[in-house]
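So this block is input09.txt, compact mmCIF, C-alpha atoms:
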# COMPACT_ATOMS: atom_id res chain seq x y z
CA MET A 26 78.49 62.11 88.30
CA HIS A 27 77.83 64.83 90.85
CA ILE A 28 76.24 63.11 93.85
CA ALA A 29 74.94 65.04 96.86
CA VAL A 30 75.14 62.89 100.01
CA ILE A 31 72.81 64.30 102.65
CA GLY A 32 73.98 63.03 106.02
CA GLY A 33 77.35 62.53 104.40
CA THR A 34 79.44 62.93 107.53
CA GLY A 35 77.98 60.04 109.56
CA LEU A 36 78.89 56.36 109.92
CA ILE A 37 77.49 55.31 106.54
CA GLY A 38 77.59 58.67 104.78
CA SER A 39 81.31 59.26 105.19
CA GLN A 40 82.06 55.82 103.73
CA VAL A 41 79.61 56.33 100.85
CA VAL A 42 81.40 59.58 99.96
CA ARG A 43 84.77 57.84 100.08
CA ASP A 44 83.56 54.94 97.91
CA LEU A 45 81.98 57.24 95.32
CA ASP A 46 85.06 59.45 95.14
CA ALA A 47 87.24 56.35 94.68
CA ALA A 48 85.02 55.31 91.77
CA GLY A 49 85.64 58.63 90.05
CA HIS A 50 82.44 60.48 90.96
CA ARG A 51 82.16 63.86 92.65
CA ALA A 52 80.47 63.05 95.96
CA VAL A 53 79.73 66.07 98.16
CA PRO A 54 78.85 65.47 101.83
CA HIS A 55 76.16 67.68 103.35
CA SER A 56 74.97 67.85 106.96
CA GLN A 57 74.11 70.39 109.64
CA SER A 58 77.83 70.93 110.11
CA THR A 59 78.09 72.09 106.49
CA GLY A 60 75.05 74.37 106.75
CA VAL A 61 72.34 72.02 105.45
CA ASP A 62 69.26 71.45 107.60
CA VAL A 63 66.67 69.00 106.27
CA ILE A 64 64.02 70.16 108.75
CA THR A 65 64.14 73.90 108.12
CA GLY A 66 65.25 73.44 104.51
CA GLN A 67 68.23 75.73 105.03
CA GLY A 68 70.94 75.10 102.43
CA LEU A 69 69.05 72.36 100.57
CA ASP A 70 68.57 74.20 97.29
CA ALA A 71 72.25 75.09 97.11
CA ALA A 72 73.30 71.56 98.08
CA LEU A 73 71.28 69.96 95.28
CA THR A 74 72.03 72.49 92.55
CA GLY A 75 73.81 70.67 89.74
CA ALA A 76 73.48 67.24 91.39
CA ASP A 77 72.70 64.22 89.23
CA VAL A 78 71.87 62.10 92.28
CA VAL A 79 70.88 62.76 95.89
CA VAL A 80 71.51 60.14 98.58
CA ASN A 81 69.59 60.68 101.81
CA LEU A 82 71.31 59.15 104.83
CA THR A 83 69.91 61.48 107.50
CA ASN A 84 68.37 59.95 110.58
CA SER A 85 65.89 60.95 113.22
CA PRO A 86 67.55 62.12 116.46
CA THR A 87 65.13 59.88 118.41
CA PHE A 88 63.49 56.48 117.92
CA ASP A 89 60.21 57.49 119.60
CA ASP A 90 56.93 58.95 118.39
CA ALA A 91 58.74 62.11 117.23
CA SER A 92 60.52 60.18 114.48
CA PRO A 93 57.60 60.14 111.96
CA GLY A 94 57.52 63.93 112.07
CA PHE A 95 61.23 64.09 111.34
CA PHE A 96 60.99 61.84 108.30
CA ARG A 97 57.87 63.49 106.92
CA THR A 98 59.30 67.00 107.12
CA SER A 99 62.78 66.05 105.94
CA MET A 100 61.50 64.03 102.99
CA ASP A 101 59.00 66.69 101.95
CA ASN A 102 61.81 69.24 101.93
CA LEU A 103 64.26 66.97 100.13
CA VAL A 104 61.80 65.84 97.45
CA THR A 105 60.80 69.45 96.79
CA ALA A 106 64.44 70.54 96.48
CA ALA A 107 65.30 67.52 94.29
CA ARG A 108 62.44 68.26 91.93
CA LYS A 109 63.40 71.95 91.73
CA ALA A 110 67.02 70.98 90.94
CA ASP A 111 65.93 68.41 88.35
CA VAL A 112 67.80 65.63 90.16
CA GLY A 113 67.51 62.38 88.22
CA HIS A 114 67.90 59.81 91.00
CA PHE A 115 66.98 59.81 94.72
CA VAL A 116 68.45 57.08 96.96
CA VAL A 117 67.34 56.27 100.51
CA LEU A 118 68.76 53.77 103.00
CA SER A 119 66.09 51.84 104.93
CA ILE A 120 65.71 48.61 106.94
CA VAL A 121 64.86 45.03 105.94
CA GLY A 122 61.37 44.19 107.22
CA VAL A 123 60.66 47.79 108.20
CA ASP A 124 57.03 47.63 107.08
CA GLN A 125 56.39 44.47 109.10
CA VAL A 126 56.79 46.01 112.57
CA PRO A 127 54.12 48.70 112.98
CA GLU A 128 54.44 48.40 116.76
CA LEU A 129 57.72 50.34 116.62
CA ASP A 130 57.47 54.11 116.14
CA TYR A 131 60.81 54.30 114.37
CA TYR A 132 59.97 51.52 111.92
CA ARG A 133 56.66 53.18 111.09
CA ALA A 134 58.61 56.38 110.50
CA LYS A 135 61.05 54.71 108.12
CA THR A 136 58.14 53.12 106.25
CA LEU A 137 56.65 56.59 105.90
CA GLN A 138 59.97 57.81 104.48
CA GLU A 139 59.86 55.06 101.84
CA ASP A 140 56.24 55.82 100.97
CA ILE A 141 56.94 59.53 100.45
CA LEU A 142 59.83 58.69 98.15
CA LYS A 143 57.77 56.21 96.11
CA ALA A 144 54.94 58.69 95.70
CA GLY A 145 57.24 61.52 94.62
CA PRO A 146 58.24 62.66 91.15
CA VAL A 147 61.94 61.73 91.27
CA PRO A 148 63.14 58.30 90.03
CA TYR A 149 64.26 56.44 93.12
CA SER A 150 66.12 53.52 94.65
CA ILE A 151 65.66 52.12 98.16
CA VAL A 152 68.40 50.06 99.79
CA ARG A 153 67.08 48.09 102.74
CA ALA A 154 69.79 46.74 105.03
CA THR A 155 69.64 44.51 108.08
CA GLN A 156 70.92 45.74 111.45
CA PHE A 157 74.47 47.08 111.38
CA MET A 158 77.14 45.05 113.17
CA GLU A 159 78.39 48.32 114.65
CA PHE A 160 75.09 48.75 116.54
CA ILE A 161 74.96 45.35 118.24
CA PRO A 162 76.88 46.46 121.39
CA ALA A 163 74.39 49.34 121.80
CA VAL A 164 71.48 46.89 121.49
CA LEU A 165 73.01 44.82 124.29
CA SER A 166 73.41 47.86 126.51
CA TRP A 167 69.66 48.62 126.46
CA THR A 168 68.80 45.70 128.75
CA ALA A 169 72.07 45.09 130.58
CA ASP A 170 73.09 45.34 134.21
CA ASP A 171 76.25 44.39 136.09
CA ASP A 172 75.56 40.65 135.90
CA THR A 173 73.43 39.82 132.89
CA VAL A 174 72.09 40.98 129.56
CA ARG A 175 68.46 40.21 128.83
CA LEU A 176 67.70 39.60 125.16
CA PRO A 177 64.80 38.22 123.09
CA ARG A 178 65.13 35.43 120.53
CA THR A 179 64.41 37.76 117.60
CA ARG A 180 66.45 36.66 114.57
CA LEU A 181 68.88 39.21 113.14
CA GLN A 182 71.25 38.93 110.20
CA PRO A 183 73.76 41.70 110.91
CA VAL A 184 75.67 43.47 108.14
CA ALA A 185 78.87 45.52 108.29
CA ALA A 186 78.54 49.27 107.75
CA ALA A 187 81.31 49.14 105.16
CA ASP A 188 79.30 46.63 103.11
CA VAL A 189 76.18 48.81 103.39
CA ALA A 190 78.10 51.88 102.26
CA ALA A 191 79.59 50.05 99.28
CA THR A 192 76.13 48.92 98.18
CA VAL A 193 74.58 52.37 98.61
CA ALA A 194 77.42 53.88 96.57
CA GLU A 195 76.97 51.29 93.82
CA VAL A 196 73.22 51.89 93.64
CA ALA A 197 73.69 55.67 93.66
CA ALA A 198 76.02 55.45 90.67
CA GLY A 199 73.62 53.26 88.72
CA THR A 200 70.26 53.55 87.02
CA PRO A 201 67.32 54.16 89.40
CA LEU A 202 65.89 50.85 90.56
CA ARG A 203 62.38 52.24 90.92
CA GLY A 204 62.19 49.60 93.61
CA THR A 205 64.06 48.08 96.55
CA LEU A 206 67.32 46.16 96.96
CA GLU A 207 67.74 44.22 100.20
CA LEU A 208 71.16 43.65 101.78
CA ALA A 209 72.04 41.31 104.64
CA GLY A 210 75.09 39.79 106.26
CA PRO A 211 75.86 36.12 105.57
CA ASP A 212 74.78 34.72 108.95
CA ALA A 213 71.52 34.91 110.94
CA TYR A 214 71.37 34.51 114.72
CA PRO A 215 68.78 34.70 117.46
CA LEU A 216 69.57 37.93 119.29
CA ASP A 217 70.23 36.15 122.59
CA GLU A 218 72.85 33.95 120.87
CA LEU A 219 74.30 36.98 119.09
CA GLY A 220 74.61 38.71 122.43
CA LEU A 221 76.54 35.83 123.96
CA ILE A 222 78.91 35.65 120.98
CA THR A 223 79.54 39.38 121.31
CA LEU A 224 80.16 39.34 125.04
CA ARG A 225 82.61 36.46 124.84
CA ALA A 226 84.52 38.07 121.97
CA GLU A 227 84.85 41.22 124.09
CA GLY A 228 86.04 39.25 127.14
CA ASP A 229 82.84 40.15 129.00
CA SER A 230 81.87 37.47 131.53
CA ARG A 231 78.26 38.57 131.99
CA SER A 232 75.60 35.98 131.26
CA VAL A 233 72.78 36.29 128.72
CA THR A 234 69.21 35.66 129.84
CA THR A 235 66.63 34.91 127.17
CA ASP A 236 63.74 37.31 127.72
CA ASP A 237 61.26 37.82 124.90
CA THR A 238 59.95 40.99 126.58
CA ALA A 239 63.33 42.76 126.77
CA GLY A 240 64.32 45.77 124.69
CA MET A 241 63.12 47.29 121.44
CA PHE A 242 63.36 44.06 119.47
CA ALA A 243 60.89 42.37 121.81
CA ALA A 244 58.19 43.90 119.60
CA VAL A 245 59.51 41.95 116.60
CA ASN A 246 57.96 38.56 115.94
CA GLY A 247 60.03 35.73 114.52
CA ASP A 248 62.31 36.44 111.60
CA VAL A 249 60.64 39.47 109.97
CA LEU A 250 63.92 41.42 110.14
CA THR A 251 65.77 38.87 107.99
CA PRO A 252 65.38 38.75 104.20
CA LYS A 253 63.01 36.21 102.70
CA GLY A 254 64.86 35.57 99.44
CA GLY A 255 66.41 37.53 96.64
CA ALA A 256 68.54 39.67 98.93
CA ARG A 257 72.15 40.52 98.23
CA ILE A 258 74.40 38.82 100.78
CA ALA A 259 77.33 40.93 101.93
CA PRO A 260 80.73 39.25 102.41
CA THR A 261 81.62 40.21 105.99
CA ARG A 262 80.80 37.63 108.67
CA TYR A 263 79.95 38.88 112.14
CA THR A 264 82.56 36.69 113.84
CA ASP A 265 85.27 38.07 111.53
CA TRP A 266 84.08 41.62 112.15
CA LEU A 267 84.15 41.00 115.91
CA ALA A 268 87.69 39.65 115.74
CA ARG A 269 88.79 42.97 114.23
CA HIS A 270 86.74 45.28 116.45
CA ALA A 271 86.33 43.59 119.85
Can the structure from this file be put into C-alpha cells for me?
Amino acid sequence: MHIAVIGGTGLIGSQVVRDLDAAGHRAVPHSQSTGVDVITGQGLDAALTGADVVVNLTNSPTFDDASPGFFRTSMDNLVTAARKADVGHFVVLSIVGVDQVPELDYYRAKTLQEDILKAGPVPYSIVRATQFMEFIPAVLSWTADDDTVRLPRTRLQPVAAADVAATVAEVAAGTPLRGTLELAGPDAYPLDELGLITLRAEGDSRSVTTDDTAGMFAAVNGDVLTPKGGARIAPTRYTDWLARHA
C-alpha cells in the first residue's frame, strides 16, 4: 500500500516509516522539512494524492492553551485533504486516558483531535498509547533541582517508542478499526517510584520527594492514564529499556 505518514520524520514517525517499508509497503514521510504544513495546508493535497492510508503523527509545538487550536486546524486540513484524495483509512496516535483529564490543555486538545476524526467521513483507527519511556527523563526535569526531584504518585505504565511505532504500522496496514486500540508497557509504577528507578539507573544520586502538586501529572487523579482492560501489552519492560539507554 501507499501510506502517507504526516510527521514522518519524528521519533515515532521515522520508525513507523521504517517498519512499513520493511513490511513491503510504500511509506512516504511528510513534514515541514519536506514542504508539508498541516496548519497552512501547504503541500497536503500533493502529499495525499494516491495514498491508500494517511497516518497523522504531527504534534502541537506547545502543551498549553494554544494546543487545541493546533489540533483543530491541522485535523480540519488533513480530513479535507484525505476526503479529496479518496484516502481509505486515517490513523491517529493518541494517549491512553486522554479524555479523563480535562484539566490539562494538551489532553483536551488530543481529545478534540480524536473527536474530529470520529466525526469525519474517512474510515479511521485510533491508537492510544501510554507515556513513552523516552519521555520519562524530561518529565523528571520539570520539577528537579540540584538536590531532589519532586514527583506525584500518579500511576504510569510506560511504553517504548519502538513498540508504539510497530503497533501504529500494523494498524495502518490493516483494515480500519473504526474504533480505538490501547497500547501499554508491561509494568505500571507510581511516578515517584519510576523517577527513583530512573535516577538510580542513570547513576544520579538526587533524591525523590513525593509531591502530589508537582508537575503536569499532578492534575491526574489515580490511575486514569493506565489501561483498564483489553489493552495490548507491549513486550519492552522499562527496566530493560533503561539498561540499554541509561
Hey, which bits of stretch 103-205 of chain A sit within 12 Å of stretch 87-98 of chain A, and for each residue what's the closest pair of atoms and how far apart in Å (one decimal), counting all atoms listed in the file, rows by chain and increasing number, as CSV?
residue,atom,partner,partner_atom,distance
A:Leu103,CA,A:Thr98,CA,8.6
A:Val104,CA,A:Thr98,CA,10.1
A:Thr105,CA,A:Thr98,CA,10.7
A:Val117,CA,A:Phe96,CA,11.5
A:Ser119,CA,A:Phe96,CA,11.7
A:Pro127,CA,A:Asp90,CA,11.9
A:Glu128,CA,A:Asp90,CA,11.0
A:Leu129,CA,A:Asp89,CA,8.1
A:Asp130,CA,A:Asp90,CA,5.4
A:Tyr131,CA,A:Phe88,CA,5.0
A:Tyr132,CA,A:Phe88,CA,8.5
A:Arg133,CA,A:Pro93,CA,7.1
A:Ala134,CA,A:Pro93,CA,4.2
A:Lys135,CA,A:Phe96,CA,7.1
A:Thr136,CA,A:Pro93,CA,9.1
A:Leu137,CA,A:Arg97,CA,7.1
A:Gln138,CA,A:Phe96,CA,5.6
A:Glu139,CA,A:Phe96,CA,9.4
A:Asp140,CA,A:Arg97,CA,9.8
A:Ile141,CA,A:Arg97,CA,7.6
A:Leu142,CA,A:Arg97,CA,10.2
Give me, as an MDAnalysis selection string, all polymer residues having an atom no more than 9 Å from stretch 253-265 of chain A, counting all atoms listed in the file and skipping those fewer than 6 positions away in the same chain.
chainID A and resid 158 182:185 187:189 192 206:212 222:223 226
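Distance check against A:Gly220 using all atoms listed in the file: of A:Pro162, A:Gly68, A:Pro146, A:Gly113, the minimum falls on A:Pro162.
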Find, counting only C-alpha atoms, the residue in A:Val116, A:Leu82, A:Ile161, A:Val147 that gets nearest to A:Ala198.
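Ranked by minimum distance to A:Ala198, first place goes to A:Val116.
You will find atom CA of A:Gly38 at 24.4 Å from atom CA of A:Ala144.
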Name the residues in contact with A:Pro177 at a cut-off of 8 Å, using only C-alpha atoms, excluding same-chain residues fewer than 3 positions from it; report them as a compact mmCIF listing (two decimals) with C-alpha atoms, keeping the file's coordinate frame.
# COMPACT_ATOMS: atom_id res chain seq x y z
CA PRO A 215 68.78 34.70 117.46
CA LEU A 216 69.57 37.93 119.29
CA ASP A 217 70.23 36.15 122.59
CA THR A 235 66.63 34.91 127.17
CA ASP A 236 63.74 37.31 127.72
CA ASP A 237 61.26 37.82 124.90
CA THR A 238 59.95 40.99 126.58
CA ALA A 239 63.33 42.76 126.77
CA GLY A 240 64.32 45.77 124.69
CA PHE A 242 63.36 44.06 119.47
CA ALA A 243 60.89 42.37 121.81
Can you tell me which residues surround A:Thr234 at a distance of at most 8 Å, considering only C-alpha atoms, apart from same-chain residues fewer than 2 positions away, and format the answer as JSON, numbers by chain?
{"A": [173, 174, 175, 176, 217, 232, 236]}
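Neighbourhood of point (64.4, 67.3, 91.3): residues with an atom at most 10 Å away, counting only C-alpha atoms, are Leu73, Thr74, Ala76, Asp77, Val78, Val79, Leu103, Val104, Thr105, Ala106, Ala107, Arg108, Lys109, Ala110, Asp111, Val112, Gly113, His114, Phe115, Gly145, Pro146, Val147 and Pro148 of chain A.
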Deliver the residues from the most recent selection as a file, using C-alpha atoms, as a tab-separated table (two decimals), in the frame of the given file.
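That gives us out.tsv:
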chain	number	residue	atom	x	y	z
A	73	LEU	CA	71.28	69.96	95.28
A	74	THR	CA	72.03	72.49	92.55
A	76	ALA	CA	73.48	67.24	91.39
A	77	ASP	CA	72.70	64.22	89.23
A	78	VAL	CA	71.87	62.10	92.28
A	79	VAL	CA	70.88	62.76	95.89
A	103	LEU	CA	64.26	66.97	100.13
A	104	VAL	CA	61.80	65.84	97.45
A	105	THR	CA	60.80	69.45	96.79
A	106	ALA	CA	64.44	70.54	96.48
A	107	ALA	CA	65.30	67.52	94.29
A	108	ARG	CA	62.44	68.26	91.93
A	109	LYS	CA	63.40	71.95	91.73
A	110	ALA	CA	67.02	70.98	90.94
A	111	ASP	CA	65.93	68.41	88.35
A	112	VAL	CA	67.80	65.63	90.16
A	113	GLY	CA	67.51	62.38	88.22
A	114	HIS	CA	67.90	59.81	91.00
A	115	PHE	CA	66.98	59.81	94.72
A	145	GLY	CA	57.24	61.52	94.62
A	146	PRO	CA	58.24	62.66	91.15
A	147	VAL	CA	61.94	61.73	91.27
A	148	PRO	CA	63.14	58.30	90.03
If we count only C-alpha atoms, what is near A:Thr205 at a cut-off of 9 Å, once residues fewer than 6 positions away on the same chain are taken out, given as a CSV table (one decimal) with C-alpha atoms, in the frame of the given file?
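And here's around.csv as it stands now:
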chain,number,residue,atom,x,y,z
A,150,SER,CA,66.1,53.5,94.6
A,151,ILE,CA,65.7,52.1,98.2
A,152,VAL,CA,68.4,50.1,99.8
A,153,ARG,CA,67.1,48.1,102.7
A:Tyr149 proximity check over A:Gly60, A:Ser230, A:Leu118, A:Arg180, using only C-alpha atoms: winner is A:Leu118
What separation in Å, quoted to one decimal, exists between atom CA of A:Pro54 and atom CA of A:Ala29?
6.3 Å
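Here atom CA of A:Ser56 stands at a distance of 29.4 Å from atom CA of A:Arg269.
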Return the single residue from A:Leu45, A:Val126, A:Leu69, A:Ala213 that is closest to A:Met241, with distances computed using only C-alpha atoms.
A:Val126
